[in-house]
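Notes follow once the structure below has been shown.
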Amino acid sequence: MNKEPQLFPKMNHNEMSIEESLRTNWQFSIEVLNGGREDSAGIRLLEARAWEIACEALKPRNIHLPAPPPSYDERTLQQAFEMLKAPHKLRPLLQWFLDQIRNCRYMLQKDILEFTRHWEETMDVRHFRELFNVLSEWFSVWGKEVLAFKKYDLDGHFAFQRAFRASLLSILPPSFSSAFTALLKFTLVDSESFTPPASQSLSRSPLLFEQINTFGVSEDFENIITNVLYEEIRVRVMDTCPGEWEESMLPGLREWFTQKALPWIAGMYASGAPNEERLRAVLGPVTQKFDYHLCKMLCDLRTNEIFDIIVNYPNSMSAVLDLKECLSRTDQRAKFVQALRKFNTRRLLHHGAETSNILEQYINTIRCLRLLDPAGVLLFSVAEPIRRYLRERPDTIRCIVSNLATDDGILGLSDEKDSGITPIRDALESADDYSDPNWHPEPNDAEPGFRTSRPTDIISILVSIYDSRDLFIKELQILLGRRLLAITDGDYYDEMRRLEQLKLRFGDTQLQVCEVMMKDILNSVRTREGIRELGETPLHPTVISHLFWPEQAKTSLVLPLEMKVLQDDFATKYSDRNPGKYLKWIPNLGTVELKLELADRTVAAKVTPLQAAVIHHFSNQDTWTPQELADKLDIAEALSITSALQAWENLGVLEEMPDGSYFLLETAREGRGAKRYNKMVLIAPETVGEVEAAETAEREQTERMRVHWQFIKGMLNSFGKLTLEEIHGKLRFFAPDYDHTQEHLAIFMQSALKEGLVEVHDGVWRAVR
Amino acid sequence: MSAISTKRLQKELAEIRKGCPAGITLLEADDLAVWFLSIEVLGESVYKGEVFSLRFKFGPRYPIESPEVVFVVDNTHQAPIHPHVYSNGHICASILGSEWSPVLSTSAVCITLQSMLASCPKKERPTDNDRYVRTAPLSPKDARFQYHDDTV
Amino acid sequence: MKVTITRWDAIAHWRWQTRANDNGDNDDENDDDEGDLCGICRVPFEGCCPTCKMPGEDCPLLRGQCTHIFHLHCILKWVHSPQSKGQCPLDRREWVGL
C-alpha cells in the first residue's frame, strides 16, 4: 500500500463508520508492526482480537440510544486485558479511550446546550438542575469499564475524570455560568426557606456538589460558587441590617452563616471528609474567609450609615459595637475615616447647620468613636475638620457656654457624674510623659499631631477648640449676668450650684468675676429685705458692681416723677445702710408690673420701664404725640417711643389719632374686647436689652479689631487671597499693637463678611473690590 | 512678680501701646519686668537729633517701690551727656529715688527725663562722674545720690 | 386713669461717694467712663485693689486730709513703706487718713 500509515485516522462523525474504520486500521497496523512477516500471525491475530474486544467495551456510547446488548461477557473482557498487558498495549489502549472521550464530547454538548437554552428561555433552575443528573449518567456510563485498568496499575478512573473534565469545560456555552449561578443561588436560598418535601427533588445540594466533585470540576467552579455565597452574604446583610442599629446584627448573621450557608458549601469543600473533625479542619479556613467577607459587608454598610448612627447615638450603640468588631477584622479604618469626613463636610459643616447641631454631632462623634477606637486615632482624624470649622463660627463659644451652664443641655453634666468633674486640661500642656508607666507609643495609623494624652472629658475637648479660655470666661460672664437678672423669685440656688461646678472646671481665679456677680445678687437680696423692713416698696432693685458685669446697654430715660420717687426713696435708704456708697440707676433695664385702673376696667401688665414711663404720663394728660413724649422722657430714638405706644394700643389702652398722636381710652372701644386684658399681660419681650448684652462681648472684640481693618485690607489687596492663619500670622508680625487671638480675628472677619467687605471661599479670604 | 505689680504693669503697657507721649517709643516689653523705651527731645535742644534708650526694671513691689531706670550704654547706645547722667547710664533724679511716688507711671518718668534733657543748656558730665563710675554699684538704686538739683 | 406700680425689678450700680456732693442725683457727670482710678494701682475705685477679690466693703477707700482718695489697702502699703516718708503720693503732704 502506498498510503501513509495512519494509526488513528480522522474520525468520521458516524458511529458505524468509526467502528469500521477502526477495524480496517487495526488490520493495517498489525501489518506494519510485523514488518510483513507471517510467522507470528497467530499471536498477532489474537492480540488484535483482544484490542478489538477491549475497545468495544470501552467505547463511549450515546446514552440516549438504547444500550446494545454486551458484546462480550466479563471473563472474555478480562482475558482480552490480560492479553494486551504483556506487549504493553494497555497504556495505548487507555490513551485510545481518552481520545475517544475527547472526540465524543459533542454528545455532551448537545445536552448542555439544550438545558442551557431551556434555562435561558424559562429561567427554570429546577429543569436546569436535571443537566447535572444527565451529565452524571454520561459520566457513569462512559466511565463504567475504566476501572479495569486499575488492576494493572493504571489509574484509568483519574485519567478518565481528567478527560471528561477537559471535554466538559471545552464545550460550556457562555450562558452556562449564569445558569449555574442561578441554580446555586436557588439551592442556597432554598436550603433555608423551602420545606423538605417541596425541595426534595432539587435542593439536595450536597448531591449537586457531589456530582460536580465527581466530574472533577469543583475547582473550576469554585469562583462561581464562592461568588454566589459572597453575593448571598451581601444580600443577607443588605436585607436585614440597614437602619437596624439598636441591636447587634453580627451574631445573627454569623448564626445564619453557620446554620445555613456553611452546610451548603460544605458539600463542595468537604464531601470527601471522612469525619466531623476532618470536616471542621477543612472548613476552618473557608469559614474565616467568608466571615471576613461578612464583616466587610457589614462594615461597608455601617460606614455608609455612620453619620446617622452618630446622630442616633447612644441608641445606636449596638451598631457601633458591631462596627468595632468588623473594623478589627477587616482593617477598613482608613476608608471609614474618609467616609465620615466626607459626610461631615457634606451634611454638617456648612452654613445650613446650626452651631448647636454641629456641637451635638461633634459630642456624639467623640462618644461614638471613643467606643469604636479607644486609642483615639479615628477621633483625631475625624475631629480636626470639625474643630477647625467650629473655630470659624462666630457663635460657637456662646453655644458651648450656654450648654455648659445648663443641667440638661447637650453637655448634660450627668455625663460626667461617674468620673466626677475634672478641671479643664489644656491640649497644649499634655506633652508626652515618658515617666508614665502607662505610656504607649502612638498607634501606627495616627496622624501627625495626634496625642494619646489629650484631654478626655468632653467639656475640656470643646474648650480646647480655642487656644485661649478668656473668651469662654467672657461668654460665661455674659450668660450668668443675663440669667441672674432674669431671676425674680429669689431662687438663685441652681445658678450657685452651677457656678460652683464651673469653678471646679475653670478654676477659682478665672471665674472671680462671676463670683463677684453672684455676691452682688445675694447682697441685693439682703439689701432689699433690709430696706423693705423700713417700709413697703414695690421696687426690687438688683445692685451690681458694674465693673464686674457685662456692659449693660444703657440708654437715657427720664422717668416720670411717680417712678423717680420710688427710686430716690430706695437710694436714700441704701446710702443710709451703706455709708460711703450711693446708687446709680440704669433706667431702661428691668421690668415693671403695672395696674391701670380705668373708668370701666382694670388692666394689669408686665412691661419695660420705658413702656411704664409712657403710660404714666397718660394719667396726667390724655393725649400725647410721640415727639412730646420723646422730649419729656429724653429719648433720642422716636422709634422706641412709637413701639411703646403701639404696645399699649394693642392692649386697648391707647388709640392712635389721625394726626399721629395717641389718646387714652378711659372706656374701652366697642369690639376691642378690653375685658380680655384683665389678666396680667406680658408685653415686654424679656430679652430686650439682654440680647444686646449678650452680643456685647463679640461687638467689643470686633470694635477693637476694627483698627486693624486697613492693614487687613491692604494685605488682601496685595496678596490676593489669604487663609485666616496667614492673616493672623502677618498681623502678628507686622501690625503694631496686634494682640488678638485667631478666634477674635475669625469673629471680626465674619462680621466683615456680613458687611460685604470680604468674601471667603474654602477658608480663603479675599477683599471685595 | 506679684499680683500688684503685674496688674499695674499690664495696665500701663496697654496704655503705652495705645499711644506714647511724643518723642517716646516702646521698644520692647517681652518680659513684663524689663522694658526698653526710646526717648528723644523734640524741638530745639542741645540733644537735637539724638535718640537715647532707657531701660526700666520693675521689682515685685512696684509701684510702692520705684523702678530701676538707666540709660542703655552699649555698642550702639550712649547715655546723654548731661550734668545728672553718669557715663555708665545711671541717672541722678530724685523722682527715681527719694521723691518717688506710686502715682508716677513709666510714661510719667519718661516725660520727666525728657524735660530734664530739654532744659539742659550745656552738655557736660556730672563733676564726680569718673569717681562715681569707678565705684558705682550695679544698680543706681543702690547708690546714694546727692541730688544736684531739686527741680528734677 | 390711675396707674399703680405693683412690682418693679430694677437694676442699679453702686458707687463710692468720692465727691463732697455725691448723692446719686448728679447724673451730669460722665456715666460711661469707669469712674475715678486709684492713683496707686490704677484700678477704678469701684473695682478692687490687686490684692482683693471682692469690691465694695471688702476693699474700701480711704480719704486723706489732703482730700485725696485711694484704695485703703493701696495707700496703707505706701505709707508703711520707708520710701513714702509718710507723704501723700499726689501732693507729698503728710498723709493723714480720715
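Ligands are numbered from 1 in the order shown, residues from 1 within each chain, and chains are lettered A, B, ... in the order they appear in the C-alpha cells.
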Dump as a list in words the residues of chain C that approach chain A to within 8 Å, counting only C-alpha atoms.
-> Met1, Lys2, Val3, Thr4, Ile5, Thr6, Arg7, Trp8, Asp9, Ala10, Ile11, Ala12, His13, Trp14, Arg15, Trp16, Gln17, Thr18, Asp22, Asn23, Gly24, Glu34, Glu46, Gly47, Lys53, Met54, Pro55 and Gly56 of chain C
Interatomic distance between CA of Ala353 in chain A and CA of His740 in chain A?
-> 27.5 Å
Could you check which of C:Cys66, C:Cys59, C:Gly39, C:His73 is closest to Pro102 in chain B, using only C-alpha atoms?
-> C:Gly39
Interface residues on chain C facing chain B, 10 Å, only C-alpha atoms, written as number ranges by chain | C: 38-43, 49-52, 74-75, 77-85, 87-92
Same residues, C-alpha atoms, output as a compact mmCIF listing (two decimals), in the first residue's frame:
```
# COMPACT_ATOMS: atom_id res chain seq x y z
CA CYS C 38 -6.88 104.79 92.44
CA GLY C 39 -3.60 106.52 91.63
CA ILE C 40 -1.53 103.73 93.09
CA CYS C 41 -2.95 100.60 91.49
CA ARG C 42 -4.71 102.35 88.59
CA VAL C 43 -7.84 100.29 89.18
CA CYS C 49 -7.14 96.68 94.66
CA PRO C 50 -4.86 93.99 93.22
CA THR C 51 -4.74 92.03 96.44
CA CYS C 52 -8.52 91.86 96.87
CA CYS C 74 -3.03 100.58 98.44
CA ILE C 75 -2.41 103.71 100.48
CA LYS C 77 1.02 99.77 101.65
CA TRP C 78 2.53 103.05 100.51
CA VAL C 79 2.56 104.92 103.77
CA HIS C 80 4.03 101.90 105.53
CA SER C 81 6.91 101.77 103.05
CA PRO C 82 10.05 103.72 104.01
CA GLN C 83 10.17 105.45 100.62
CA SER C 84 6.88 107.22 101.33
CA LYS C 85 8.16 109.24 104.25
CA GLN C 87 3.53 111.51 102.46
CA CYS C 88 0.54 111.51 100.16
CA PRO C 89 1.67 110.17 96.76
CA LEU C 90 -0.06 113.01 94.98
CA ASP C 91 0.95 116.14 96.86
CA ARG C 92 3.70 114.90 99.22
```
Any chance you could list, as a PDB file with N, CA and C atoms, in the first residue's frame, the residues in chain C that come up helix (DSSP H, G or I) when DSSP is run on the backbone?
```pdb
ATOM      1  N   GLY C  56     -16.070  96.713  96.892  1.00  0.00           N
ATOM      2  CA  GLY C  56     -17.051  97.208  97.861  1.00  0.00           C
ATOM      3  C   GLY C  56     -16.466  97.229  99.258  1.00  0.00           C
ATOM      4  N   GLU C  57     -17.278  96.832 100.247  1.00  0.00           N
ATOM      5  CA  GLU C  57     -16.861  96.925 101.644  1.00  0.00           C
ATOM      6  C   GLU C  57     -15.582  96.134 101.925  1.00  0.00           C
ATOM      7  N   ASP C  58     -15.344  95.077 101.139  1.00  0.00           N
ATOM      8  CA  ASP C  58     -14.134  94.290 101.373  1.00  0.00           C
ATOM      9  C   ASP C  58     -12.882  95.041 100.943  1.00  0.00           C
ATOM     10  N   LEU C  72      -7.982 101.725 100.307  1.00  0.00           N
ATOM     11  CA  LEU C  72      -7.398 101.637 101.645  1.00  0.00           C
ATOM     12  C   LEU C  72      -6.115 100.791 101.623  1.00  0.00           C
ATOM     13  N   HIS C  73      -6.213  99.609 100.987  1.00  0.00           N
ATOM     14  CA  HIS C  73      -5.069  98.688 101.016  1.00  0.00           C
ATOM     15  C   HIS C  73      -3.863  99.269 100.289  1.00  0.00           C
ATOM     16  N   CYS C  74      -4.125 100.028  99.224  1.00  0.00           N
ATOM     17  CA  CYS C  74      -3.033 100.583  98.438  1.00  0.00           C
ATOM     18  C   CYS C  74      -2.293 101.659  99.220  1.00  0.00           C
ATOM     19  N   ILE C  75      -3.065 102.584  99.813  1.00  0.00           N
ATOM     20  CA  ILE C  75      -2.409 103.713 100.475  1.00  0.00           C
ATOM     21  C   ILE C  75      -1.693 103.230 101.737  1.00  0.00           C
ATOM     22  N   LEU C  76      -2.254 102.220 102.401  1.00  0.00           N
ATOM     23  CA  LEU C  76      -1.578 101.715 103.600  1.00  0.00           C
ATOM     24  C   LEU C  76      -0.232 101.087 103.223  1.00  0.00           C
ATOM     25  N   LYS C  77      -0.241 100.357 102.111  1.00  0.00           N
ATOM     26  CA  LYS C  77       1.025  99.768 101.649  1.00  0.00           C
ATOM     27  C   LYS C  77       2.051 100.871 101.411  1.00  0.00           C
ATOM     28  N   TRP C  78       1.604 101.950 100.831  1.00  0.00           N
ATOM     29  CA  TRP C  78       2.530 103.047 100.511  1.00  0.00           C
ATOM     30  C   TRP C  78       3.026 103.740 101.777  1.00  0.00           C
ATOM     31  N   VAL C  79       2.096 104.139 102.615  1.00  0.00           N
ATOM     32  CA  VAL C  79       2.565 104.921 103.767  1.00  0.00           C
ATOM     33  C   VAL C  79       3.399 104.067 104.721  1.00  0.00           C
ATOM     34  N   PRO C  82       9.119 102.651 103.604  1.00  0.00           N
ATOM     35  CA  PRO C  82      10.053 103.718 104.007  1.00  0.00           C
ATOM     36  C   PRO C  82      10.169 104.820 102.950  1.00  0.00           C
ATOM     37  N   GLN C  83      10.031 104.447 101.682  1.00  0.00           N
ATOM     38  CA  GLN C  83      10.170 105.451 100.621  1.00  0.00           C
ATOM     39  C   GLN C  83       9.138 106.559 100.731  1.00  0.00           C
ATOM     40  N   SER C  84       7.985 106.263 101.354  1.00  0.00           N
ATOM     41  CA  SER C  84       6.880 107.223 101.331  1.00  0.00           C
ATOM     42  C   SER C  84       7.135 108.421 102.236  1.00  0.00           C
TER      43      SER C  84
END
```
May I ask which of the residues A:Ala319, A:Tyr738, A:Cys368, A:Lys754 is the closest one to chain B, counting only C-alpha atoms?
-> A:Tyr738
Give the residues of chain B that lie within 10 Å of chain A; count only C-alpha atoms, and format the answer as a VMD selection string.
-> chain B and resid 14 16 to 19
CA of Tyr292 in chain A sits from CA of Gln211 in chain A at a separation of 28.6 Å
